[in-house]
file coords-v2.cif (mmCIF, C-alpha atoms)
data_upload
loop_
_atom_site.label_atom_id
_atom_site.label_comp_id
_atom_site.auth_asym_id
_atom_site.auth_seq_id
_atom_site.Cartn_x
_atom_site.Cartn_y
_atom_site.Cartn_z
CA MET Z 1081 33.24 -240.90 7.07
CA LEU Z 1082 32.27 -237.56 5.58
CA LEU Z 1083 29.67 -236.80 8.22
CA ALA Z 1084 32.41 -236.74 10.86
CA LEU Z 1085 33.41 -233.42 9.31
CA PHE Z 1086 30.09 -231.88 10.35
CA PRO Z 1087 29.77 -232.27 14.14
CA GLY Z 1088 26.45 -231.02 15.44
CA GLY Z 1089 25.36 -230.24 11.91
CA ALA Z 1090 28.03 -227.56 11.41
CA GLY Z 1091 27.94 -226.56 7.80
CA PHE Z 1092 30.41 -226.43 4.96
CA ARG Z 1093 29.63 -223.94 2.24
CA SER Z 1094 31.19 -223.34 -1.09
CA GLY Z 1095 32.17 -219.75 -0.46
CA GLY Z 1096 31.09 -218.75 -3.93
CA VAL Z 1097 32.56 -221.71 -5.77
CA SER Z 1098 30.91 -222.00 -9.16
CA LYS Z 1099 29.32 -225.19 -10.35
CA PRO Z 1100 31.89 -226.95 -12.54
CA ALA Z 1101 31.32 -227.58 -16.19
CA ALA Z 1102 29.82 -230.98 -16.92
CA PRO Z 1103 32.50 -233.63 -17.50
CA HIS Z 1104 32.45 -235.53 -20.77
CA THR Z 1105 31.54 -238.84 -19.11
CA HIS Z 1106 28.54 -237.63 -17.09
CA GLU Z 1107 26.04 -235.22 -18.59
CA TRP Z 1108 24.44 -234.12 -15.33
CA GLY Z 1109 25.30 -230.46 -15.92
CA SER Z 1110 22.75 -229.95 -18.68
CA THR Z 1111 20.07 -232.37 -17.52
CA VAL Z 1112 19.57 -231.56 -13.84
CA SER Z 1113 16.16 -232.69 -12.62
CA THR Z 1114 15.19 -231.34 -9.23
CA PRO Z 1115 11.87 -231.44 -7.37
CA THR Z 1116 9.63 -228.67 -8.65
CA SER Z 1117 6.47 -229.33 -6.66
CA THR Z 1118 5.37 -226.55 -4.35
CA THR Z 1119 3.25 -228.97 -2.34
CA ALA Z 1120 3.97 -228.87 1.39
CA LEU Z 1121 6.46 -231.38 2.77
CA GLY Z 1122 4.98 -234.67 3.84
CA THR Z 1123 1.89 -234.48 1.64
CA THR Z 1124 1.12 -237.11 -0.94
CA ALA Z 1125 0.56 -236.67 -4.64
CA SER Z 1126 -2.41 -238.63 -5.98
CA GLY Z 1127 -1.48 -242.13 -7.11
CA GLY Z 1128 2.20 -241.84 -6.28
CA ALA Z 1129 4.94 -241.10 -3.81
CA PRO Z 1130 4.93 -238.06 -1.53
CA ALA Z 1131 5.02 -234.94 -3.70
CA GLN Z 1132 8.24 -233.89 -1.97
CA ILE Z 1133 10.22 -236.03 0.44
CA GLY Z 1134 10.55 -234.23 3.77
CA SER Z 1135 11.30 -237.06 6.19
CA ILE Z 1136 13.08 -240.42 6.21
CA ALA Z 1137 13.09 -242.99 9.01
CA VAL Z 1138 15.52 -245.92 9.17
CA LEU Z 1139 14.24 -248.56 11.60
CA GLY Z 1140 16.69 -249.73 14.25
CA TYR Z 1141 15.85 -252.94 16.11
CA GLU Z 1142 17.52 -255.64 18.20
CA SER Z 1143 20.26 -257.35 16.13
CA CYS Z 1144 19.81 -255.26 13.00
CA SER Z 1145 22.89 -255.21 10.79
CA GLU Z 1146 25.39 -252.41 11.33
CA GLN Z 1147 26.04 -251.96 7.59
CA ASP Z 1148 22.43 -252.42 6.51
CA THR Z 1149 21.30 -249.78 9.01
CA ILE Z 1150 24.06 -247.20 9.32
CA THR Z 1151 25.05 -247.03 5.64
CA PRO Z 1152 21.66 -245.81 4.34
CA LEU Z 1153 21.23 -243.63 7.43
CA GLU Z 1154 24.53 -241.84 6.76
CA ILE Z 1155 23.79 -241.46 3.06
CA PHE Z 1156 20.34 -239.99 3.77
CA LYS Z 1157 21.79 -237.66 6.42
CA GLY Z 1158 24.41 -236.67 3.88
CA ALA Z 1159 21.63 -235.86 1.43
CA ALA Z 1160 20.05 -233.67 4.11
CA LEU Z 1161 23.30 -231.71 4.40
CA VAL Z 1162 23.19 -231.16 0.64
CA THR Z 1163 19.53 -230.15 0.41
CA SER Z 1164 19.98 -227.69 3.29
CA GLY Z 1165 23.03 -226.13 1.64
CA GLN Z 1166 25.50 -227.18 4.34
CA ILE Z 1167 27.46 -229.16 1.76
CA ALA Z 1168 27.66 -227.07 -1.40
CA PRO Z 1169 30.59 -227.76 -3.75
CA TRP Z 1170 28.88 -225.36 -6.16
CA GLU Z 1171 25.73 -223.23 -6.16
CA ARG Z 1172 22.84 -225.59 -6.73
CA GLU Z 1173 19.95 -224.72 -9.01
CA ALA Z 1174 17.28 -225.80 -6.50
CA ALA Z 1175 16.43 -223.78 -3.40
CA ASN Z 1176 17.71 -225.08 -0.09
CA ARG Z 1177 15.26 -227.03 2.05
CA GLU Z 1178 15.35 -229.13 5.18
CA LEU Z 1179 15.17 -232.92 5.24
CA ASP Z 1180 14.43 -234.74 8.50
CA VAL Z 1181 16.39 -238.03 8.67
CA ARG Z 1182 16.23 -240.23 11.75
CA LEU Z 1183 17.26 -243.57 13.11
CA VAL Z 1184 14.08 -244.65 14.88
CA SER Z 1185 13.64 -247.43 17.42
CA LEU Z 1186 10.65 -249.41 18.56
CA GLU Z 1187 11.42 -248.95 22.26
CA PRO Z 1188 13.40 -246.45 24.38
CA GLY Z 1189 17.01 -247.26 25.20
CA VAL Z 1190 20.03 -248.64 23.42
CA VAL Z 1191 19.70 -250.61 20.18
CA LYS Z 1192 22.19 -253.49 20.16
CA MET Z 1193 23.15 -254.37 16.60
CA GLN Z 1194 24.05 -257.84 15.37
CA MET Z 1195 27.82 -257.47 15.82
CA GLY Z 1196 27.45 -255.95 19.27
CA THR Z 1197 27.53 -252.24 18.40
CA ASN Z 1198 25.29 -250.20 20.70
CA VAL Z 1199 23.53 -247.13 19.33
CA VAL Z 1200 20.92 -244.69 20.58
CA ALA Z 1201 18.18 -243.84 18.11
CA ASP Z 1202 17.31 -240.27 17.17
CA SER Z 1203 13.73 -240.90 18.28
CA VAL Z 1204 11.38 -243.61 19.50
CA LEU Z 1205 8.46 -244.47 17.24
CA ASN Z 1206 5.00 -243.37 18.21
CA ASP Z 1207 2.09 -245.31 16.79
CA ASP Z 1208 0.91 -242.26 14.82
CA ASP Z 1209 4.30 -241.29 13.34
CA LEU Z 1210 4.43 -241.02 9.54
CA PHE Z 1211 7.57 -240.55 7.47
CA ASP Z 1212 7.74 -240.01 3.72
CA ILE Z 1213 10.23 -242.90 3.44
CA LEU Z 1214 10.25 -245.82 5.88
CA TYR Z 1215 13.39 -247.96 5.51
CA VAL Z 1216 13.64 -251.45 7.04
CA PRO Z 1217 17.22 -252.79 7.17
CA GLY Z 1218 18.23 -256.43 7.41
CA GLY Z 1219 20.09 -258.27 10.12
CA VAL Z 1220 19.93 -261.49 12.10
CA GLY Z 1221 17.18 -259.94 14.22
CA SER Z 1222 14.89 -259.51 11.23
CA GLY Z 1223 13.45 -262.99 11.72
CA ALA Z 1224 11.81 -261.80 14.93
CA LEU Z 1225 10.11 -258.98 13.02
CA LEU Z 1226 8.29 -261.47 10.80
CA THR Z 1227 5.77 -261.99 13.60
CA ASN Z 1228 5.91 -258.49 15.07
CA ASP Z 1229 2.40 -257.16 14.56
CA ARG Z 1230 3.43 -253.62 15.51
CA VAL Z 1231 6.06 -253.53 12.76
CA HIS Z 1232 3.64 -254.97 10.20
CA LYS Z 1233 1.04 -252.34 11.11
CA LEU Z 1234 3.71 -249.64 10.88
CA ILE Z 1235 4.63 -250.74 7.36
CA ARG Z 1236 1.01 -251.06 6.21
CA ARG Z 1237 0.03 -247.71 7.71
CA HIS Z 1238 2.83 -245.96 5.85
CA HIS Z 1239 2.02 -247.72 2.59
CA GLU Z 1240 -1.70 -247.01 2.86
CA ALA Z 1241 -0.86 -243.33 3.50
CA GLY Z 1242 1.02 -243.17 0.20
CA LYS Z 1243 4.50 -243.23 1.69
CA VAL Z 1244 7.56 -245.00 0.28
CA ILE Z 1245 8.62 -248.34 1.78
CA ALA Z 1246 12.21 -249.52 1.40
CA ALA Z 1247 14.06 -252.58 2.68
CA ASN Z 1248 17.41 -254.24 2.21
CA CYS Z 1249 18.90 -257.68 2.76
CA SER Z 1250 16.66 -259.85 4.98
CA GLY Z 1251 14.52 -256.81 5.80
CA VAL Z 1252 12.84 -257.48 2.45
CA GLY Z 1253 11.22 -260.51 4.07
CA VAL Z 1254 9.68 -258.26 6.71
CA ILE Z 1255 7.92 -256.01 4.21
CA ALA Z 1256 6.89 -259.05 2.17
CA ARG Z 1257 5.25 -260.65 5.21
CA SER Z 1258 3.54 -257.35 6.09
CA GLY Z 1259 1.20 -257.84 3.14
CA ILE Z 1260 2.02 -254.80 0.98
CA VAL Z 1261 3.79 -256.70 -1.82
CA ASN Z 1262 1.81 -258.08 -4.75
CA ASP Z 1263 3.60 -259.18 -7.93
CA GLU Z 1264 6.31 -256.51 -7.88
CA PRO Z 1265 9.83 -257.76 -8.61
CA LEU Z 1266 11.99 -257.73 -5.50
CA THR Z 1267 15.65 -258.14 -4.71
CA CYS Z 1268 17.24 -259.23 -1.45
CA VAL Z 1269 20.20 -261.07 0.04
CA ALA Z 1270 20.74 -264.55 -1.42
CA ALA Z 1271 20.13 -266.14 1.98
CA VAL Z 1272 16.38 -265.34 1.92
CA ALA Z 1273 15.78 -265.34 -1.85
CA ARG Z 1274 14.77 -269.01 -1.97
CA GLY Z 1275 12.33 -268.61 0.90
CA LEU Z 1276 10.69 -265.58 -0.69
CA ARG Z 1277 10.36 -267.38 -4.02
CA GLY Z 1278 8.87 -270.37 -2.22
CA GLU Z 1279 6.08 -268.15 -0.89
CA GLY Z 1280 5.31 -266.85 -4.37
CA PHE Z 1281 7.18 -263.56 -4.28
CA ASN Z 1282 8.80 -262.38 -7.50
CA VAL Z 1283 12.56 -262.52 -6.85
CA PRO Z 1284 14.33 -262.92 -10.22
CA LEU Z 1285 17.25 -265.36 -10.29
CA GLY Z 1286 19.46 -262.59 -11.63
CA ARG Z 1287 19.29 -260.49 -8.47
CA ARG Z 1288 19.73 -256.76 -8.93
CA MET Z 1289 21.58 -254.43 -6.58
CA TRP Z 1290 18.29 -252.58 -6.16
CA ILE Z 1291 14.83 -252.60 -7.71
CA ALA Z 1292 12.53 -249.58 -7.56
CA ASN Z 1293 8.81 -250.14 -8.02
CA THR Z 1294 7.96 -246.47 -8.17
CA ALA Z 1295 4.26 -246.92 -8.96
CA SER Z 1296 3.67 -248.98 -5.81
CA ARG Z 1297 6.35 -247.07 -3.85
CA ILE Z 1298 8.35 -250.17 -2.88
CA TRP Z 1299 12.15 -250.20 -3.09
CA THR Z 1300 14.25 -253.26 -2.28
CA PHE Z 1301 18.00 -253.77 -2.11
CA THR Z 1302 20.41 -256.68 -1.79
CA GLY Z 1303 22.58 -257.30 1.24
CA SER Z 1304 25.38 -255.08 2.49
CA TYR Z 1305 27.25 -254.78 -0.82
CA GLY Z 1306 24.27 -253.20 -2.57
CA VAL Z 1307 23.12 -250.91 0.23
CA ASN Z 1308 25.33 -247.95 -0.70
CA GLY Z 1309 24.37 -247.91 -4.37
CA GLY Z 1310 20.69 -248.43 -3.65
CA ALA Z 1311 20.49 -245.62 -1.09
CA VAL Z 1312 22.23 -243.21 -3.47
CA ALA Z 1313 19.84 -244.28 -6.25
CA MET Z 1314 16.92 -243.39 -3.96
CA VAL Z 1315 18.46 -239.98 -3.30
CA ALA Z 1316 18.93 -239.36 -7.02
CA HIS Z 1317 15.36 -240.45 -7.78
CA TYR Z 1318 13.57 -238.41 -5.13
CA PHE Z 1319 15.85 -235.36 -4.86
CA GLY Z 1320 16.99 -234.99 -8.45
CA ARG Z 1321 20.06 -235.64 -10.52
CA GLU Z 1322 22.11 -232.77 -9.11
CA VAL Z 1323 21.68 -233.80 -5.46
CA GLY Z 1324 22.21 -237.42 -6.48
CA THR Z 1325 25.46 -236.50 -8.19
CA ILE Z 1326 26.80 -234.63 -5.16
CA VAL Z 1327 25.83 -237.42 -2.76
CA SER Z 1328 27.29 -240.05 -5.10
CA MET Z 1329 30.59 -238.18 -5.01
CA MET Z 1330 30.47 -237.82 -1.22
CA PHE Z 1331 30.16 -241.58 -0.78
CA ASP Z 1332 32.23 -242.58 -3.85
CA THR Z 1333 29.30 -244.41 -5.41
CA ILE Z 1334 29.49 -242.93 -8.88
CA GLY Z 1335 33.14 -243.96 -9.06
CA GLY Z 1336 32.13 -247.56 -8.46
CA ILE Z 1337 28.96 -248.03 -10.51
CA GLY Z 1338 28.75 -244.85 -12.58
CA ASP Z 1339 25.46 -243.63 -14.01
CA ALA Z 1340 23.65 -246.74 -12.79
CA ILE Z 1341 22.68 -244.61 -9.78
CA PHE Z 1342 20.22 -242.77 -12.02
CA GLU Z 1343 18.40 -245.98 -12.99
CA GLU Z 1344 15.45 -247.64 -11.26
CA THR Z 1345 17.14 -251.05 -11.47
CA GLY Z 1346 20.67 -251.61 -10.23
CA PRO Z 1347 23.46 -253.74 -11.71
CA GLU Z 1348 22.92 -257.49 -11.86
CA PHE Z 1349 24.73 -259.68 -9.35
CA TYR Z 1350 26.71 -262.79 -10.24
CA GLN Z 1351 25.02 -266.12 -9.54
CA HIS Z 1352 26.70 -268.82 -7.43
CA PRO Z 1353 24.02 -271.53 -7.09
CA GLN Z 1354 25.95 -273.96 -4.88
CA LEU Z 1355 27.22 -271.27 -2.52
CA GLU Z 1356 23.78 -269.67 -2.36
CA GLU Z 1357 22.14 -272.99 -1.50
CA SER Z 1358 24.59 -273.60 1.36
CA PHE Z 1359 23.96 -270.16 2.81
CA GLN Z 1360 20.20 -270.54 2.37
CA ASP Z 1361 20.26 -273.85 4.25
CA PHE Z 1362 22.11 -272.19 7.12
CA PHE Z 1363 20.48 -268.74 7.31
CA GLN Z 1364 16.92 -269.21 6.06
CA PRO Z 1365 15.63 -270.84 9.29
CA MET Z 1366 16.96 -267.81 11.17
CA LEU Z 1367 16.08 -264.99 8.78
CA PHE Z 1368 12.97 -266.23 6.95
CA PRO Z 1369 11.45 -269.32 8.56
CA PRO Z 1370 8.31 -270.80 6.99
CA LEU Z 1371 5.05 -269.14 7.94
CA ASP Z 1372 3.94 -271.89 10.33
CA GLU Z 1373 7.29 -271.91 12.18
CA SER Z 1374 7.46 -268.12 12.48
CA ALA Z 1375 3.89 -268.09 13.79
CA GLU Z 1376 4.94 -270.44 16.59
CA ALA Z 1377 8.02 -268.38 17.50
#

call {"tool": "encode", "arguments": {"input": "coords-v2.cif", "output": "structure tokens"}}
result
Amino acid sequence: MLLALFPGGAGFRSGGVSKPAAPHTHEWGSTVSTPTSTTALGTTASGGAPAQIGSIAVLGYESCSEQDTITPLEIFKGAALVTSGQIAPWEREAANRELDVRLVSLEPGVVKMQMGTNVVADSVLNDDDLFDILYVPGGVGSGALLTNDRVHKLIRRHHEAGKVIAANCSGVGVIARSGIVNDEPLTCVAAVARGLRGEGFNVPLGRRMWIANTASRIWTFTGSYGVNGGAVAMVAHYFGREVGTIVSMMFDTIGGIGDAIFEETGPEFYQHPQLEESFQDFFQPMLFPPLDESAEA
């Protein structure tokens, strides 16, 4: 909703508004942590994530989920408005910088999402494109990506180049099948959790809203309910506490889950074994079919 206030990237500035004093319940005012690396955007620090995040791509594909795709895209684009200084409720401590955020598609033309919404991507992927964060959303079309060699190569190429890989909902199955996941704990929508566990992936029964494996640069998120909190947690982690606080206020996240956005593991979800089993029986053949069946598709 907030981005509708900024057509064509038109900026809002604080007009000299001072940064407010830190409230008693959140001590961000005295503990701001912002990126301090002077390394050029898009380069990679040894043994870790890109030294400074300069680009984020959210993958749009046939029958991706509207919420799973647009929610993180809007949050990341909101973060770009903050880092560039276009949204500035107070004078930030870090210098302004640009952040390139795009919805990317595999092919030219309209992307038809799972509920029938038609969107046009910001750009079409080239085989040599590299983004500092590659985000794979879920959706009923994710099952087709399980055997999409181009998508698997895209994910592996980014991971091998030291970039960050993120996925939500059933998109977690796509990155799992791409071969980049080892024994890292993952989270996902309940509908594919059983299938992932059955293939040996580490999906704890107490699913978390998000799980960040920062050493291996793999972030996973639950289904639609957890997408907002997880995307804001990514912003806070990679752009610092101050930017994370502003973005969490823009999208009302901190009001819902508080300082959890500054943690690498999100709140734990309730467990409903019987309901989960029913949904797994219905959705798993569509979203995460067994390896032999998906190979025949």

call {"tool": "resolve_selection", "arguments": {"input": "coords-v2.cif", "expression": "the PyMOL selection byres ((chain Z and resi 1259) around 12)", "output": "ChimeraX atom specification"}}
result
/Z:1226,1229,1231-1237,1239-1240,1252-1258,1260-1263,1281

call {"tool": "residues_near_point", "arguments": {"input": "coords-v2.cif", "point": "(23.6, -249.6, 21.2)", "cutoff": "10 Å", "atoms": "only C-alpha atoms", "output": "ChimeraX atom specification"}}
result
/Z:1140-1143,1189-1193,1196-1201

call {"tool": "write_last_selection", "arguments": {"input": "coords-v2.cif", "atoms": "C-alpha atoms", "output": "PDB file, in the coordinates of the input"}}
result
ATOM      1  CA  GLY Z1140      16.690-249.730  14.250  1.00  0.00           C
ATOM      2  CA  TYR Z1141      15.850-252.940  16.110  1.00  0.00           C
ATOM      3  CA  GLU Z1142      17.520-255.640  18.200  1.00  0.00           C
ATOM      4  CA  SER Z1143      20.260-257.350  16.130  1.00  0.00           C
ATOM      5  CA  GLY Z1189      17.010-247.260  25.200  1.00  0.00           C
ATOM      6  CA  VAL Z1190      20.030-248.640  23.420  1.00  0.00           C
ATOM      7  CA  VAL Z1191      19.700-250.610  20.180  1.00  0.00           C
ATOM      8  CA  LYS Z1192      22.190-253.490  20.160  1.00  0.00           C
ATOM      9  CA  MET Z1193      23.150-254.370  16.600  1.00  0.00           C
ATOM     10  CA  GLY Z1196      27.450-255.950  19.270  1.00  0.00           C
ATOM     11  CA  THR Z1197      27.530-252.240  18.400  1.00  0.00           C
ATOM     12  CA  ASN Z1198      25.290-250.200  20.700  1.00  0.00           C
ATOM     13  CA  VAL Z1199      23.530-247.130  19.330  1.00  0.00           C
ATOM     14  CA  VAL Z1200      20.920-244.690  20.580  1.00  0.00           C
ATOM     15  CA  ALA Z1201      18.180-243.840  18.110  1.00  0.00           C
TER      16      ALA Z1201
END

call {"tool": "residues_around", "arguments": {"input": "coords-v2.cif", "residues": "Pro1265 of chain Z", "least_positions_apart": "2", "cutoff": "10 Å", "atoms": "all atoms listed in the file", "output": "list of chain:residue names"}}
result
Z:Val1261, Z:Asn1262, Z:Asp1263, Z:Thr1267, Z:Phe1281, Z:Asn1282, Z:Val1283, Z:Pro1284, Z:Arg1287, Z:Arg1288, Z:Ile1291, Z:Ala1292, Z:Asn1293, Z:Ile1298, Z:Trp1299, Z:Thr1300

call {"tool": "residues_around", "arguments": {"input": "coords-v2.cif", "residues": "Arg1297 of chain Z", "least_positions_apart": "6", "cutoff": "12 Å", "atoms": "all atoms listed in the file", "output": "PyMOL selection string"}}
result
chain Z and resi 1124-1125+1127-1130+1212-1215+1235+1238-1247+1260-1262+1264+1291+1314+1317-1318+1344

call {"tool": "residues_around", "arguments": {"input": "coords-v2.cif", "residues": "Cys1249 of chain Z", "least_positions_apart": "6", "cutoff": "9 Å", "atoms": "all atoms listed in the file", "output": "number ranges by chain"}}
result
Z: 1148, 1217-1219, 1267-1272, 1300-1304, 1306-1307

call {"tool": "closest_residue", "arguments": {"input": "coords-v2.cif", "among": "Z:Leu1179, Z:Val1220, Z:Ile1150, Z:Val1327", "to": "Thr1163 of chain Z", "atoms": "only C-alpha atoms"}}
result
Z:Leu1179

call {"tool": "axis_aligned_box", "arguments": {"input": "coords-v2.cif", "around": "segment 1157-1176 of chain Z", "padding_each_side": "6 Å", "output": "lines of an AutoDock Vina configuration file"}}
result
center_x = 23.5
center_y = -230.4
center_z = -1.3
size_x = 26.2
size_y = 26.4
size_z = 27.4

call {"tool": "atom_distance", "arguments": {"input": "coords-v2.cif", "atom1": "atom CA of Ile1155 of chain Z", "atom2": "atom CA of Ala1137 of chain Z"}}
result
12.3 Å

call {"tool": "atom_distance", "arguments": {"input": "coords-v2.cif", "atom1": "atom CA of Leu1186 of chain Z", "atom2": "atom CA of Pro1369 of chain Z"}}
result
22.3 Å

call {"tool": "resolve_selection", "arguments": {"input": "coords-v2.cif", "expression": "the PyMOL selection byres ((chain Z and resi 1367) around 7)", "output": "MDAnalysis selection string"}}
result
chainID Z and resid 1220 1222:1223 1250 1272 1363:1366 1368:1369

call {"tool": "atom_distance", "arguments": {"input": "coords-v2.cif", "atom1": "atom CA of Val1323 of chain Z", "atom2": "atom CA of Ala1160 of chain Z"}}
result
9.7 Å

call {"tool": "closest_residue", "arguments": {"input": "coords-v2.cif", "among": "Z:Glu1279, Z:Arg1274, Z:Ser1185, Z:Asn1248", "to": "Ser1358 of chain Z", "atoms": "only C-alpha atoms"}}
result
Z:Arg1274

call {"tool": "closest_residue", "arguments": {"input": "coords-v2.cif", "among": "Z:Val1181, Z:Ile1337, Z:Glu1343, Z:Val1204", "to": "Thr1294 of chain Z", "atoms": "all atoms listed in the file"}}
result
Z:Glu1343

call {"tool": "decode", "arguments": {"input": "coords-v2.cif", "residues": "segment 1260-1287 of chain Z", "atoms": "N, CA and C atoms", "output": "PDB file, in the first residue's frame"}}
result
ATOM      1  N   ILE Z1260      21.525 -27.240  -3.700  1.00  0.00           N
ATOM      2  CA  ILE Z1260      22.387 -26.367  -2.897  1.00  0.00           C
ATOM      3  C   ILE Z1260      22.244 -26.601  -1.398  1.00  0.00           C
ATOM      4  N   VAL Z1261      21.204 -27.350  -0.990  1.00  0.00           N
ATOM      5  CA  VAL Z1261      20.919 -27.531   0.434  1.00  0.00           C
ATOM      6  C   VAL Z1261      21.606 -28.794   0.934  1.00  0.00           C
ATOM      7  N   ASN Z1262      22.280 -28.689   2.063  1.00  0.00           N
ATOM      8  CA  ASN Z1262      22.892 -29.846   2.703  1.00  0.00           C
ATOM      9  C   ASN Z1262      22.076 -30.216   3.939  1.00  0.00           C
ATOM     10  N   ASP Z1263      22.606 -29.966   5.124  1.00  0.00           N
ATOM     11  CA  ASP Z1263      21.868 -30.319   6.333  1.00  0.00           C
ATOM     12  C   ASP Z1263      21.289 -29.092   7.033  1.00  0.00           C
ATOM     13  N   GLU Z1264      21.234 -27.965   6.335  1.00  0.00           N
ATOM     14  CA  GLU Z1264      20.704 -26.747   6.951  1.00  0.00           C
ATOM     15  C   GLU Z1264      19.235 -26.931   7.334  1.00  0.00           C
ATOM     16  N   PRO Z1265      18.820 -26.402   8.483  1.00  0.00           N
ATOM     17  CA  PRO Z1265      17.395 -26.421   8.805  1.00  0.00           C
ATOM     18  C   PRO Z1265      16.626 -25.513   7.852  1.00  0.00           C
ATOM     19  N   LEU Z1266      15.462 -25.976   7.430  1.00  0.00           N
ATOM     20  CA  LEU Z1266      14.619 -25.229   6.512  1.00  0.00           C
ATOM     21  C   LEU Z1266      13.241 -25.039   7.126  1.00  0.00           C
ATOM     22  N   THR Z1267      12.514 -24.068   6.611  1.00  0.00           N
ATOM     23  CA  THR Z1267      11.094 -23.964   6.908  1.00  0.00           C
ATOM     24  C   THR Z1267      10.368 -23.803   5.587  1.00  0.00           C
ATOM     25  N   CYS Z1268       9.055 -24.026   5.609  1.00  0.00           N
ATOM     26  CA  CYS Z1268       8.280 -24.015   4.370  1.00  0.00           C
ATOM     27  C   CYS Z1268       6.804 -24.075   4.736  1.00  0.00           C
ATOM     28  N   VAL Z1269       5.944 -24.085   3.743  1.00  0.00           N
ATOM     29  CA  VAL Z1269       4.522 -24.279   3.987  1.00  0.00           C
ATOM     30  C   VAL Z1269       4.294 -25.727   4.425  1.00  0.00           C
ATOM     31  N   ALA Z1270       3.273 -25.947   5.262  1.00  0.00           N
ATOM     32  CA  ALA Z1270       3.015 -27.295   5.768  1.00  0.00           C
ATOM     33  C   ALA Z1270       2.766 -28.293   4.647  1.00  0.00           C
ATOM     34  N   ALA Z1271       2.198 -27.829   3.534  1.00  0.00           N
ATOM     35  CA  ALA Z1271       1.813 -28.728   2.447  1.00  0.00           C
ATOM     36  C   ALA Z1271       2.987 -29.484   1.838  1.00  0.00           C
ATOM     37  N   VAL Z1272       4.197 -28.927   1.892  1.00  0.00           N
ATOM     38  CA  VAL Z1272       5.356 -29.617   1.306  1.00  0.00           C
ATOM     39  C   VAL Z1272       6.350 -30.081   2.367  1.00  0.00           C
ATOM     40  N   ALA Z1273       6.057 -29.822   3.640  1.00  0.00           N
ATOM     41  CA  ALA Z1273       7.010 -30.171   4.700  1.00  0.00           C
ATOM     42  C   ALA Z1273       7.246 -31.674   4.764  1.00  0.00           C
ATOM     43  N   ARG Z1274       6.178 -32.449   4.673  1.00  0.00           N
ATOM     44  CA  ARG Z1274       6.325 -33.910   4.748  1.00  0.00           C
ATOM     45  C   ARG Z1274       7.174 -34.444   3.596  1.00  0.00           C
ATOM     46  N   GLY Z1275       6.932 -33.929   2.397  1.00  0.00           N
ATOM     47  CA  GLY Z1275       7.700 -34.380   1.244  1.00  0.00           C
ATOM     48  C   GLY Z1275       9.174 -34.056   1.372  1.00  0.00           C
ATOM     49  N   LEU Z1276       9.484 -32.863   1.866  1.00  0.00           N
ATOM     50  CA  LEU Z1276      10.884 -32.485   2.057  1.00  0.00           C
ATOM     51  C   LEU Z1276      11.550 -33.363   3.105  1.00  0.00           C
ATOM     52  N   ARG Z1277      10.840 -33.614   4.206  1.00  0.00           N
ATOM     53  CA  ARG Z1277      11.404 -34.494   5.235  1.00  0.00           C
ATOM     54  C   ARG Z1277      11.634 -35.892   4.673  1.00  0.00           C
ATOM     55  N   GLY Z1278      10.710 -36.356   3.841  1.00  0.00           N
ATOM     56  CA  GLY Z1278      10.830 -37.685   3.261  1.00  0.00           C
ATOM     57  C   GLY Z1278      12.049 -37.841   2.376  1.00  0.00           C
ATOM     58  N   GLU Z1279      12.546 -36.739   1.826  1.00  0.00           N
ATOM     59  CA  GLU Z1279      13.753 -36.784   0.998  1.00  0.00           C
ATOM     60  C   GLU Z1279      15.006 -36.455   1.799  1.00  0.00           C
ATOM     61  N   GLY Z1280      14.855 -36.385   3.125  1.00  0.00           N
ATOM     62  CA  GLY Z1280      16.022 -36.213   3.984  1.00  0.00           C
ATOM     63  C   GLY Z1280      16.369 -34.788   4.337  1.00  0.00           C
ATOM     64  N   PHE Z1281      15.533 -33.830   3.920  1.00  0.00           N
ATOM     65  CA  PHE Z1281      15.825 -32.443   4.259  1.00  0.00           C
ATOM     66  C   PHE Z1281      15.399 -32.151   5.698  1.00  0.00           C
ATOM     67  N   ASN Z1282      16.105 -31.238   6.318  1.00  0.00           N
ATOM     68  CA  ASN Z1282      15.934 -30.936   7.736  1.00  0.00           C
ATOM     69  C   ASN Z1282      14.866 -29.859   7.924  1.00  0.00           C
ATOM     70  N   VAL Z1283      13.610 -30.307   8.034  1.00  0.00           N
ATOM     71  CA  VAL Z1283      12.486 -29.396   8.283  1.00  0.00           C
ATOM     72  C   VAL Z1283      11.938 -29.722   9.666  1.00  0.00           C
ATOM     73  N   PRO Z1284      12.301 -28.959  10.694  1.00  0.00           N
ATOM     74  CA  PRO Z1284      11.833 -29.252  12.046  1.00  0.00           C
ATOM     75  C   PRO Z1284      10.306 -29.275  12.127  1.00  0.00           C
ATOM     76  N   LEU Z1285       9.776 -30.123  13.002  1.00  0.00           N
ATOM     77  CA  LEU Z1285       8.322 -30.204  13.173  1.00  0.00           C
ATOM     78  C   LEU Z1285       7.752 -28.874  13.638  1.00  0.00           C
ATOM     79  N   GLY Z1286       8.462 -28.204  14.517  1.00  0.00           N
ATOM     80  CA  GLY Z1286       8.048 -26.868  14.940  1.00  0.00           C
ATOM     81  C   GLY Z1286       8.509 -25.856  13.908  1.00  0.00           C
ATOM     82  N   ARG Z1287       7.707 -25.685  12.844  1.00  0.00           N
ATOM     83  CA  ARG Z1287       8.128 -24.810  11.748  1.00  0.00           C
ATOM     84  C   ARG Z1287       8.249 -23.357  12.222  1.00  0.00           C
TER      85      ARG Z1287
END
